[in-house]
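coords01.txt follows; it contains compact mmCIF, C-alpha atoms and all ligand atoms.
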# COMPACT_ATOMS: atom_id res chain seq x y z
CA MET A 1 138.62 207.66 177.65
CA THR A 2 140.24 204.56 179.04
CA LYS A 3 139.43 200.99 178.21
CA GLU A 4 137.33 199.30 180.89
CA THR A 5 135.04 196.32 181.24
CA HIS A 6 131.45 197.50 181.05
CA THR A 7 128.85 196.00 183.30
CA ASN A 8 126.30 198.77 182.75
CA CYS A 9 124.64 200.25 179.68
CA SER A 10 126.40 203.51 178.86
CA PHE A 11 123.08 205.06 177.75
CA CYS A 12 120.48 204.14 180.36
CA GLY A 13 122.82 202.98 183.09
CA LYS A 14 121.02 199.65 183.67
CA ASN A 15 123.16 196.79 184.95
CA LYS A 16 123.77 193.75 182.75
CA ASP A 17 121.78 191.61 185.16
CA SER A 18 118.61 193.67 184.76
CA VAL A 19 118.53 193.53 180.94
CA LYS A 20 118.35 190.69 178.43
CA ASN A 21 121.58 191.57 176.58
CA LEU A 22 124.39 194.00 177.07
CA ILE A 23 126.60 194.56 174.02
CA VAL A 24 129.99 195.68 175.16
CA GLY A 25 132.55 197.52 173.03
CA GLU A 26 135.99 198.82 173.89
CA TYR A 27 134.78 202.06 175.39
CA ALA A 28 131.04 201.63 175.97
CA GLY A 29 128.19 199.20 176.39
CA ILE A 30 124.62 199.25 175.16
CA CYS A 31 121.65 197.19 176.34
CA ASN A 32 119.03 195.54 174.11
CA GLU A 33 116.38 198.03 175.26
CA CYS A 34 118.46 200.99 174.12
CA VAL A 35 119.22 199.24 170.80
CA ASP A 36 115.43 198.83 170.24
CA PHE A 37 114.85 202.44 171.17
CA CYS A 38 117.54 203.66 168.73
CA GLN A 39 116.11 201.50 165.98
CA ASP A 40 112.69 203.10 166.45
CA LEU A 41 114.29 206.53 166.36
CA LEU A 42 116.08 205.79 163.11
CA LYS A 43 112.96 204.30 161.56
CA ASP A 44 111.14 207.60 162.13
CA GLU A 45 113.90 209.46 160.37
CA THR A 46 114.13 207.25 157.30
CA PRO A 47 113.53 209.66 154.42
CA VAL A 48 110.02 209.37 153.11
CA VAL A 49 110.19 208.81 149.38
CA GLU A 50 107.73 211.25 147.99
CA ILE A 51 105.37 209.91 145.41
CA PRO A 52 105.43 212.52 142.69
CA ALA A 53 102.18 214.33 142.08
CA GLN A 54 99.78 212.36 139.93
CA PRO A 55 99.53 213.50 136.35
CA SER A 56 97.39 216.57 136.53
CA ASP A 57 96.48 219.45 134.29
CA LYS A 58 99.92 220.78 134.96
CA MET A 59 101.32 217.77 133.21
CA ASP A 60 99.53 218.48 129.98
CA PRO A 61 102.07 219.74 127.40
CA MET A 62 99.47 222.11 126.03
CA VAL A 63 99.05 223.74 129.44
CA LEU A 64 102.82 224.02 129.83
CA LYS A 65 103.09 225.57 126.36
CA LYS A 66 100.42 228.14 127.29
CA TYR A 67 102.36 228.98 130.42
CA LEU A 68 105.55 229.45 128.40
CA ASP A 69 103.68 231.68 125.93
CA GLN A 70 103.33 234.30 128.65
CA TYR A 71 107.07 234.71 128.93
CA VAL A 72 108.60 233.51 125.70
CA ILE A 73 107.58 235.10 122.41
CA GLY A 74 107.64 233.07 119.20
CA GLN A 75 109.67 229.84 119.21
CA HIS A 76 106.48 227.81 118.87
CA SER A 77 107.95 224.51 117.76
CA ALA A 78 110.68 224.80 120.41
CA LYS A 79 108.06 225.37 123.11
CA ILE A 80 105.99 222.39 121.92
CA MET A 81 108.99 220.06 121.78
CA LEU A 82 110.23 221.19 125.16
CA ALA A 83 106.79 220.87 126.75
CA VAL A 84 106.37 217.32 125.46
CA ALA A 85 109.87 216.33 126.59
CA ILE A 86 109.38 217.79 130.06
CA VAL A 87 106.00 216.12 130.52
CA ASN A 88 107.43 212.79 129.36
CA HIS A 89 110.21 213.18 131.90
CA TYR A 90 107.62 213.79 134.57
CA LYS A 91 105.64 210.71 133.52
CA ARG A 92 108.79 208.64 133.58
CA ILE A 93 109.70 209.62 137.11
CA SER A 94 106.12 209.16 138.31
CA LYS A 95 106.00 205.58 137.02
CA THR A 96 105.16 203.11 139.75
CA THR A 97 105.57 199.88 137.78
CA ALA A 98 108.83 198.22 136.79
CA GLU A 99 107.67 197.61 133.22
CA PRO A 100 108.15 198.97 130.67
CA GLU A 101 111.59 200.36 131.25
CA LEU A 102 111.73 203.89 129.94
CA ASP A 103 114.88 205.52 128.68
CA LYS A 104 115.29 209.13 129.56
CA ALA A 105 115.62 211.54 126.70
CA ASN A 106 117.92 214.43 127.49
CA ILE A 107 117.31 217.63 125.56
CA LEU A 108 119.66 219.71 123.45
CA MET A 109 118.60 223.30 122.79
CA LEU A 110 120.22 225.03 119.84
CA GLY A 111 119.62 228.60 118.84
CA PRO A 112 121.17 231.98 118.23
CA THR A 113 122.19 234.23 121.06
CA GLY A 114 119.37 236.11 122.76
CA SER A 115 116.65 233.94 121.26
CA GLY A 116 115.31 232.67 124.57
CA LYS A 117 117.13 229.43 125.45
CA THR A 118 117.97 230.35 129.02
CA LEU A 119 114.64 232.12 129.38
CA LEU A 120 112.82 228.94 128.31
CA ALA A 121 114.75 226.83 130.78
CA LYS A 122 114.12 229.27 133.62
CA SER A 123 110.43 229.49 132.78
CA VAL A 124 110.11 225.70 132.81
CA ALA A 125 111.84 225.66 136.19
CA ARG A 126 109.35 228.12 137.61
CA TYR A 127 106.47 226.05 136.35
CA LEU A 128 107.59 222.68 137.64
CA ASP A 129 107.72 221.47 141.15
CA VAL A 130 110.87 219.46 140.65
CA PRO A 131 114.24 220.84 141.66
CA PHE A 132 116.03 222.63 138.86
CA ALA A 133 119.62 223.75 138.62
CA ILE A 134 121.26 225.90 135.99
CA ALA A 135 124.99 225.79 135.47
CA ASP A 136 127.38 227.10 132.92
CA ALA A 137 129.39 224.49 131.03
CA THR A 138 132.31 226.89 130.87
CA SER A 139 132.61 226.84 134.67
CA ILE A 140 133.11 223.07 134.68
CA THR A 141 136.51 221.48 134.35
CA GLU A 142 137.68 217.96 133.89
CA ALA A 143 138.18 216.18 137.22
CA GLY A 144 141.58 216.94 138.59
CA TYR A 145 141.75 220.52 137.30
CA VAL A 146 141.07 223.60 139.38
CA GLY A 147 137.44 224.64 139.10
CA ASP A 148 134.06 222.98 139.50
CA ASP A 149 133.99 219.34 138.52
CA VAL A 150 130.93 217.83 136.87
CA GLU A 151 129.61 216.61 140.20
CA SER A 152 129.04 220.24 141.18
CA LEU A 153 126.03 220.13 138.84
CA ILE A 154 124.43 217.50 141.04
CA SER A 155 125.51 219.37 144.13
CA ARG A 156 123.56 222.38 142.92
CA LEU A 157 120.51 220.27 142.21
CA TYR A 158 120.77 218.76 145.67
CA ALA A 159 120.85 222.27 147.15
CA ALA A 160 117.87 223.28 145.00
CA SER A 161 115.92 220.32 146.41
CA GLY A 162 116.57 221.48 149.97
CA ASN A 163 119.09 218.67 150.48
CA ASP A 164 116.51 215.99 149.68
CA ILE A 165 118.00 212.95 147.96
CA ALA A 166 114.75 211.55 146.55
CA LYS A 167 113.76 214.92 145.07
CA THR A 168 117.24 215.48 143.64
CA GLN A 169 117.05 212.17 141.81
CA ARG A 170 114.10 213.35 139.74
CA GLY A 171 115.24 216.89 139.07
CA ILE A 172 116.35 218.74 135.98
CA VAL A 173 119.82 220.16 135.28
CA PHE A 174 120.24 222.82 132.61
CA VAL A 175 123.78 223.07 131.32
CA ASP A 176 124.06 226.35 129.50
CA GLU A 177 126.74 227.39 126.98
CA ILE A 178 127.35 223.76 126.05
CA ASP A 179 128.81 224.82 122.70
CA LYS A 180 131.69 226.45 124.55
CA ILE A 181 133.04 223.02 125.49
CA SER A 182 133.38 221.90 121.92
CA ARG A 183 136.58 220.26 120.86
CA LYS A 184 138.92 222.78 119.36
CA GLY A 185 139.55 221.99 115.72
CA GLU A 186 138.02 219.25 113.63
CA SER A 187 140.73 216.66 114.03
CA THR A 188 140.02 213.95 116.54
CA SER A 189 143.69 213.32 117.12
CA ILE A 190 144.51 216.58 118.86
CA THR A 191 145.63 216.34 122.45
CA ARG A 192 142.93 216.56 125.09
CA ASP A 193 142.08 220.11 125.93
CA VAL A 194 141.11 220.98 129.47
CA SER A 195 138.08 223.07 128.70
CA GLY A 196 136.54 221.14 125.85
CA GLU A 197 136.59 217.47 125.07
CA GLY A 198 137.66 216.49 128.58
CA VAL A 199 134.59 218.11 130.06
CA GLN A 200 132.35 216.45 127.50
CA GLN A 201 133.91 213.11 128.45
CA ALA A 202 133.39 213.83 132.12
CA LEU A 203 129.75 214.68 131.52
CA LEU A 204 128.98 211.48 129.60
CA LYS A 205 128.51 209.18 132.58
CA MET A 206 126.59 211.69 134.59
CA VAL A 207 124.19 212.42 131.76
CA GLU A 208 123.54 208.76 131.09
CA GLY A 209 123.11 207.70 134.67
CA THR A 210 125.63 207.00 137.36
CA VAL A 211 125.87 207.17 141.09
CA CYS A 212 127.77 210.21 142.17
CA ARG A 213 128.85 211.34 145.56
CA VAL A 214 128.24 214.85 146.78
CA SER A 215 128.68 216.56 150.09
CA ALA A 216 125.74 215.85 152.41
CA ALA A 217 125.87 219.35 153.81
CA GLY A 218 125.75 220.82 150.30
CA GLY A 219 128.42 222.98 148.71
CA ARG A 220 131.91 221.91 147.81
CA LYS A 221 133.35 218.55 148.71
CA HIS A 222 135.77 218.70 151.53
CA PRO A 223 137.93 215.91 152.84
CA GLY A 224 136.38 214.13 155.78
CA GLY A 225 132.94 215.64 155.19
CA ASP A 226 129.91 213.34 155.03
CA MET A 227 128.99 212.31 151.53
CA ILE A 228 125.71 211.11 150.10
CA GLU A 229 125.06 209.18 146.92
CA ILE A 230 122.83 210.47 144.16
CA ASP A 231 121.72 208.28 141.27
CA THR A 232 121.53 210.41 138.15
CA LYS A 233 119.55 207.81 136.18
CA ASN A 234 116.32 209.81 136.28
CA ILE A 235 117.78 213.29 136.31
CA LEU A 236 116.89 215.09 133.09
CA PHE A 237 119.69 217.04 131.46
CA ILE A 238 118.97 219.94 129.15
CA ALA A 239 121.97 221.35 127.34
CA GLY A 240 121.75 224.72 125.62
CA GLY A 241 124.06 226.59 123.31
CA ALA A 242 124.21 229.16 120.52
CA PHE A 243 126.56 227.02 118.38
CA VAL A 244 127.88 229.97 116.41
CA GLY A 245 129.08 228.73 113.03
CA LEU A 246 126.93 225.59 113.05
CA ASP A 247 124.62 227.12 110.44
CA SER A 248 127.44 227.31 107.92
CA ILE A 249 128.42 223.68 108.61
CA VAL A 250 124.79 222.72 107.89
CA LYS A 251 124.70 224.93 104.81
CA ASN A 252 127.93 223.51 103.41
CA ARG A 253 126.68 219.99 103.84
CA VAL A 254 123.31 220.69 102.26
CA GLN A 255 124.82 222.56 99.33
CA GLY A 256 127.84 220.33 98.95
CA THR A 257 125.77 217.21 98.44
CA SER A 258 123.68 218.63 95.66
CA ILE A 259 124.90 218.81 92.11
CA GLY A 260 124.04 220.67 88.92
CA PHE A 261 120.69 222.34 88.72
CA ARG A 262 119.68 221.34 92.24
CA ALA A 263 122.85 222.90 93.59
CA ARG A 264 121.91 226.22 92.09
CA VAL A 265 118.42 226.03 93.51
CA GLU A 266 119.59 224.94 96.91
CA ALA A 267 122.40 227.46 97.06
CA SER A 268 119.77 230.10 97.50
CA MET A 269 117.85 227.99 99.97
CA ASP A 270 117.65 229.14 103.54
CA THR A 271 119.11 226.56 105.88
CA ASP A 272 118.36 226.63 109.54
CA LEU A 273 119.30 224.77 112.66
CA ASP A 274 116.28 222.49 112.24
CA MET A 275 118.27 220.70 109.55
CA THR A 276 121.22 219.93 111.84
CA THR A 277 122.33 216.30 111.91
CA PRO A 278 124.44 214.61 114.61
CA ASP A 279 127.33 214.68 112.13
CA ASP A 280 127.12 218.46 111.90
CA LEU A 281 127.43 218.70 115.65
CA VAL A 282 130.43 216.40 115.60
CA LYS A 283 132.00 218.61 112.93
CA PHE A 284 131.30 221.54 115.21
CA GLY A 285 133.33 219.85 117.92
CA MET A 286 130.93 217.85 120.06
CA ILE A 287 132.06 214.27 120.62
CA PRO A 288 129.74 211.64 119.10
CA GLU A 289 129.09 209.95 122.45
CA PHE A 290 127.92 213.26 123.85
CA VAL A 291 125.60 214.00 120.95
CA GLY A 292 124.19 210.47 121.22
CA ARG A 293 123.08 211.06 124.78
CA PHE A 294 120.81 213.96 123.80
CA PRO A 295 118.11 212.44 121.60
CA ASN A 296 115.70 215.38 121.90
CA TRP A 297 116.65 218.42 119.89
CA VAL A 298 114.89 221.72 120.24
CA SER A 299 115.98 224.48 117.91
CA LEU A 300 115.17 228.12 118.35
CA ARG A 301 115.04 230.64 115.54
CA GLU A 302 116.36 234.12 115.24
CA LEU A 303 113.63 236.45 116.45
CA SER A 304 111.87 238.58 113.85
CA LYS A 305 111.19 242.31 114.13
CA ALA A 306 107.56 241.59 115.00
CA ASP A 307 108.72 239.20 117.76
CA LEU A 308 111.03 241.87 119.17
CA ILE A 309 108.19 244.40 119.30
CA ARG A 310 106.02 241.88 121.12
CA ILE A 311 108.84 241.24 123.57
CA LEU A 312 108.99 244.96 124.24
CA THR A 313 105.30 245.37 124.83
CA GLU A 314 103.54 242.08 125.51
CA VAL A 315 105.51 239.71 127.71
CA LYS A 316 105.02 239.78 131.45
CA ASN A 317 107.27 242.43 133.06
CA ASN A 318 108.32 243.74 129.65
CA TYR A 319 110.88 246.52 129.29
CA ILE A 320 108.29 249.17 128.42
CA GLN A 321 106.38 248.40 131.63
CA GLN A 322 109.60 248.48 133.62
CA TYR A 323 110.69 251.88 132.33
CA HIS A 324 107.16 253.23 132.60
CA TRP A 325 107.29 252.42 136.28
CA LEU A 326 110.70 254.06 136.69
CA PHE A 327 109.49 257.30 135.07
CA GLU A 328 106.26 257.22 137.06
CA GLN A 329 108.31 257.45 140.25
CA ASP A 330 109.18 261.01 139.19
CA GLY A 331 105.67 261.86 138.04
CA VAL A 332 106.33 261.50 134.31
CA GLU A 333 104.28 259.28 132.01
CA LEU A 334 106.50 257.51 129.50
CA GLU A 335 105.06 256.68 126.10
CA PHE A 336 106.51 255.29 122.89
CA THR A 337 105.05 255.90 119.45
CA GLU A 338 104.56 252.79 117.37
CA SER A 339 107.20 253.92 114.93
CA ALA A 340 109.68 254.43 117.78
CA LEU A 341 109.11 250.84 118.90
CA ASP A 342 109.54 249.75 115.30
CA LEU A 343 112.86 251.54 115.06
CA ILE A 344 114.13 250.11 118.36
CA ALA A 345 113.32 246.62 117.06
CA GLU A 346 114.91 247.38 113.70
CA ARG A 347 118.14 248.58 115.27
CA THR A 348 118.23 245.58 117.61
CA LEU A 349 117.81 243.25 114.67
CA THR A 350 120.88 244.62 112.93
CA ASN A 351 122.96 244.19 116.08
CA LYS A 352 122.46 240.39 115.95
CA THR A 353 122.25 240.13 119.71
CA GLY A 354 118.68 238.87 119.76
CA ALA A 355 116.25 240.22 122.30
CA ARG A 356 119.10 241.02 124.65
CA GLY A 357 119.92 244.03 122.49
CA LEU A 358 116.50 245.59 123.14
CA HIS A 359 117.51 246.53 126.61
CA SER A 360 120.58 248.45 125.54
CA GLU A 361 118.65 250.23 122.77
CA ILE A 362 116.09 251.44 125.29
CA GLU A 363 118.73 252.44 127.78
CA ARG A 364 120.62 254.37 125.13
CA THR A 365 117.45 256.24 124.20
CA LEU A 366 116.27 256.98 127.71
CA ILE A 367 119.47 257.78 129.61
CA PRO A 368 119.47 261.52 128.85
CA HIS A 369 115.84 261.73 130.01
CA MET A 370 116.43 259.66 133.12
CA PHE A 371 119.33 261.94 134.00
CA ASN A 372 117.08 265.01 133.85
CA LEU A 373 113.91 263.33 135.08
CA ARG A 374 113.71 265.12 138.41
CA ARG A 375 113.56 268.48 136.58
CA TYR A 376 110.79 267.45 134.17
CA SER A 377 107.80 267.96 136.48
CA GLY A 378 109.13 271.44 137.42
CA MET A 379 109.27 272.17 133.71
CA GLY A 380 105.66 271.08 133.32
CA ILE A 381 106.55 267.91 131.42
CA LYS A 382 103.97 265.36 132.52
CA VAL A 383 104.18 263.07 129.51
CA LEU A 384 107.31 262.10 127.62
CA LYS A 385 106.56 260.65 124.23
CA ILE A 386 109.44 258.89 122.54
CA ASP A 387 109.36 259.22 118.76
CA PRO A 388 111.75 257.73 116.16
CA SER A 389 113.98 260.82 116.08
CA MET A 390 114.65 260.40 119.80
CA VAL A 391 115.67 256.79 119.19
CA GLU A 392 117.79 257.67 116.19
CA LYS A 393 119.56 260.51 117.93
CA PRO A 394 119.11 260.53 121.69
CA ALA A 395 119.38 263.95 123.39
CA ALA A 396 122.94 264.96 124.18
CA LEU A 397 124.06 264.12 127.67
CA ASP A 398 124.11 267.39 129.51
CA GLY A 399 125.95 266.89 132.74
CA THR A 400 127.85 270.16 133.18
CA ASP A 401 129.80 270.14 136.39
N1 LIG A 501 111.70 234.52 122.72
C1 LIG A 501 111.79 235.47 123.68
N2 LIG A 501 110.69 235.97 124.25
C2 LIG A 501 110.78 236.92 125.22
N3 LIG A 501 111.94 237.42 125.66
C3 LIG A 501 113.06 236.96 125.13
C4 LIG A 501 113.05 235.95 124.11
N4 LIG A 501 114.32 235.68 123.78
C5 LIG A 501 115.08 236.43 124.54
N5 LIG A 501 114.35 237.22 125.36
C6 LIG A 501 114.87 238.25 126.27
O1 LIG A 501 116.27 238.39 126.04
C7 LIG A 501 117.02 238.04 127.20
C8 LIG A 501 118.12 237.09 126.78
O2 LIG A 501 117.56 235.83 126.42
P1 LIG A 501 118.21 234.45 126.81
O3 LIG A 501 119.09 234.64 128.00
O4 LIG A 501 117.13 233.44 126.96
O5 LIG A 501 119.06 234.19 125.52
P2 LIG A 501 119.86 232.87 125.10
O6 LIG A 501 119.14 232.27 123.95
O7 LIG A 501 120.06 232.01 126.28
O8 LIG A 501 121.21 233.50 124.57
P3 LIG A 501 122.75 233.05 124.79
O9 LIG A 501 123.02 232.00 123.75
O10 LIG A 501 123.52 234.28 124.50
O11 LIG A 501 122.88 232.55 126.18
C9 LIG A 501 116.02 237.40 128.16
O12 LIG A 501 116.26 237.79 129.46
C10 LIG A 501 114.70 237.93 127.71
O13 LIG A 501 114.40 239.13 128.37
MG MG A 502 121.72 231.61 127.49

Would you kindly transcribe this structure into structure tokens?
Amino acid sequence: MTKETHTNCSFCGKNKDSVKNLIVGEYAGICNECVDFCQDLLKDETPVVEIPAQPSDKMDPMVLKKYLDQYVIGQHSAKIMLAVAIVNHYKRISKTTAEPELDKANILMLGPTGSGKTLLAKSVARYLDVPFAIADATSITEAGYVGDDVESLISRLYAASGNDIAKTQRGIVFVDEIDKISRKGESTSITRDVSGEGVQQALLKMVEGTVCRVSAAGGRKHPGGDMIEIDTKNILFIAGGAFVGLDSIVKNRVQGTSIGFRARVEASMDTDLDMTTPDDLVKFGMIPEFVGRFPNWVSLRELSKADLIRILTEVKNNYIQQYHWLFEQDGVELEFTESALDLIAERTLTNKTGARGLHSEIERTLIPHMFNLRRYSGMGIKVLKIDPSMVEKPAALDGTD
């Protein structure tokens, strides 16, 4: 395009004499009528800030706890603490008055592997109508290193909100495997390590509240792409981790501080993650500033044998139901005796993999039957009853070729 002197509006074509004003730039002109028209257009497109739903039944921690009970077995105190924290977050973001100022209270979930941390977070997400994003701390790197930077967490939340800035700003981010970004070694003077302390440092600002820029189109940042700004002040962060070894740090502290008779008594005392102090977490390798930004602690316990049996048989879409359906497809009714369920739970317990181990125990038991399933109805087997001997010693795999 060449430079020229404009005497007409480049949009509607009207001459400068027939309009009140004509604003002329290097390559185009626009009349006051078109400016007004554009302003009206933009006004219509200004994002409507949604007023969050008024506190309803849904925002009663007891109702949320009941909802979680359908999916998560045991972990009662964890469910109560989480429900209260989530509802408080919701109240905070629904507040319409400036006073009082409310500080957000990010949540730290501690608990052994397979005890339901991720399951709890996912169940909360399903329940709430705020955007929710789950990310793995191990996938994040300090800015400047190859990998996702911390802003990718907000990017995901933005995507989960359907690219809606206002919704993103009141969402929840679950950062899983947070214990995997602990500082290596106890000494504070070691050089910064890419995967650990640096990432904790990078997360600090975001967790506390900062304005961060993410790609408007969603996905990764790319040079030249449009960016939008997201204020993380009201975004709730939940961090979860198994913190393997933390229990012995707690135990050492508890036992180490007691002397004489008390020491002997307390040496036999069961410690659990409920007794964790911020110092213990710092010893574990979390930096104090990070720990300080997570005032709500929710600790999960190792599941008991009774819990594992309930997980097998009572939760929605439990494994027994799932395999029952699979066998039904070939006309065979699958049943488990109570003592077989007991043994599956017992074996899972010794594996120390939490409820996750149930799945592999069942698979191990059922694979030989699933392999031969199509033959069973021809052989007149309509019901397959799994007893403890079949769990103890599954049928040999007979796949002669
Ligand atoms: N308390 C529970 N109630 C019902 N199911 C559970 C429970 N805990 C675990 N499970 C089952 O075990 C699987 C693994 O649980 P989950 O992913 O929540 O473990 P986690 O605590 O996050 O472990 P990790 O620290 O290894 O990530 C879930 O998909 C779920 O099927
Ligand atoms: Mg998990």

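Here the question is which of A:Asn163, A:Thr348, A:Ser304, A:Ser377 gets nearest to Glu328 of chain A using only C-alpha atoms, and that residue is A:Ser377.
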
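Checking A:Pro388, A:Gly29, A:Pro394, A:Gly378 one by one against Asp342 of chain A, counting only C-alpha atoms, you find the shortest gap at A:Pro388.
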
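For the atom pair formed by atom CA of Ile311 of chain A and atom CA of Pro131 of chain A, the distance is 27.8 Å, given to one decimal.
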
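In this model, the gap between atom CA of Leu300 of chain A and atom CA of Ala340 of chain A comes to 26.9 Å.
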
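Take the candidates A:Ala98, A:Phe132, A:Val214, A:Lys122 and check each one against Val150 of chain A using only C-alpha atoms; the shortest distance goes to A:Val214.
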
Item to check | All residues having an atom within 10 Å of ligand MG 502 (chain A) (only C-alpha atoms and all ligand atoms) as a PyMOL selection string | outcome: chain A and resi 111-121+136+175-178+240-242

Spatial neighbours of segment 18-21 of chain A, max dist 10 Å, all atoms listed in the file, sep filter under 3 positions, as a PDB file with C-alpha atoms, keeping the file's coordinate frame:
ATOM      1  CA  ASN A   8     126.300 198.770 182.750  1.00  0.00           C
ATOM      2  CA  CYS A   9     124.640 200.250 179.680  1.00  0.00           C
ATOM      3  CA  LYS A  14     121.020 199.650 183.670  1.00  0.00           C
ATOM      4  CA  ASN A  15     123.160 196.790 184.950  1.00  0.00           C
ATOM      5  CA  VAL A  24     129.990 195.680 175.160  1.00  0.00           C
ATOM      6  CA  ILE A  30     124.620 199.250 175.160  1.00  0.00           C
ATOM      7  CA  CYS A  31     121.650 197.190 176.340  1.00  0.00           C
ATOM      8  CA  ASN A  32     119.030 195.540 174.110  1.00  0.00           C
ATOM      9  CA  GLU A  33     116.380 198.030 175.260  1.00  0.00           C
ATOM     10  CA  VAL A  35     119.220 199.240 170.800  1.00  0.00           C
TER      11      VAL A  35
END

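As for atom CA of Thr313 of chain A and atom CA of Arg356 of chain A, they are spaced 14.5 Å apart.
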
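Distances here use all atoms listed in the file; by that measure, the residue among A:Tyr319, A:Tyr90, A:Phe290, A:Phe284 closest to ligand LIG 501 (chain A) is A:Tyr319.
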
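Nearest residue to Ser152 of chain A among A:Ile107, A:Ile86, A:Ala202, A:Ala125 is A:Ala202, counting all atoms listed in the file.
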
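Taking only C-alpha atoms into account, Gly171 of chain A lies nearest to A:Ala133 out of the set A:Ala28, A:Ile80, A:Cys34, A:Ala133.
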
Item to check | Polymer residues at most 9 Å from Ser77 of chain A, all atoms listed in the file, same-chain spacing of 4 or more positions, as number ranges by chain | outcome: A: 81-82, 298-300

Item to check | Contact residues around Ser161 of chain A with only C-alpha atoms at 12 Å, ignoring same-chain residues under 6 positions, as a PyMOL selection string | outcome: chain A and resi 129-133+154-155+167-173+218

Just give me the residues with any atom within 10 Å of (109.1, 241.7, 117.4), file coordinates, counting only C-alpha atoms, written as a PDB file with C-alpha atoms, keeping the file's coordinate frame.
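Saved result, out-v1.pdb, follows:
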ATOM      1  CA  ILE A  73     107.580 235.100 122.410  1.00  0.00           C
ATOM      2  CA  GLY A  74     107.640 233.070 119.200  1.00  0.00           C
ATOM      3  CA  LEU A 303     113.630 236.450 116.450  1.00  0.00           C
ATOM      4  CA  SER A 304     111.870 238.580 113.850  1.00  0.00           C
ATOM      5  CA  LYS A 305     111.190 242.310 114.130  1.00  0.00           C
ATOM      6  CA  ALA A 306     107.560 241.590 115.000  1.00  0.00           C
ATOM      7  CA  ASP A 307     108.720 239.200 117.760  1.00  0.00           C
ATOM      8  CA  LEU A 308     111.030 241.870 119.170  1.00  0.00           C
ATOM      9  CA  ILE A 309     108.190 244.400 119.300  1.00  0.00           C
ATOM     10  CA  ARG A 310     106.020 241.880 121.120  1.00  0.00           C
ATOM     11  CA  ILE A 311     108.840 241.240 123.570  1.00  0.00           C
ATOM     12  CA  LEU A 312     108.990 244.960 124.240  1.00  0.00           C
ATOM     13  CA  THR A 313     105.300 245.370 124.830  1.00  0.00           C
ATOM     14  CA  GLU A 314     103.540 242.080 125.510  1.00  0.00           C
ATOM     15  CA  LEU A 341     109.110 250.840 118.900  1.00  0.00           C
ATOM     16  CA  ASP A 342     109.540 249.750 115.300  1.00  0.00           C
ATOM     17  CA  ILE A 344     114.130 250.110 118.360  1.00  0.00           C
ATOM     18  CA  ALA A 345     113.320 246.620 117.060  1.00  0.00           C
ATOM     19  CA  GLU A 346     114.910 247.380 113.700  1.00  0.00           C
ATOM     20  CA  THR A 348     118.230 245.580 117.610  1.00  0.00           C
ATOM     21  CA  LEU A 349     117.810 243.250 114.670  1.00  0.00           C
ATOM     22  CA  ALA A 355     116.250 240.220 122.300  1.00  0.00           C
TER      23      ALA A 355
END

As JSON, what would the box around ligand LIG 501 (chain A) look like: edges along x, y and z, 6 Å added on every side, centre and edge lengths in Å to one decimal?
{"center_x": 117.1, "center_y": 235.6, "center_z": 126.1, "size_x": 24.8, "size_y": 19.1, "size_z": 18.7}
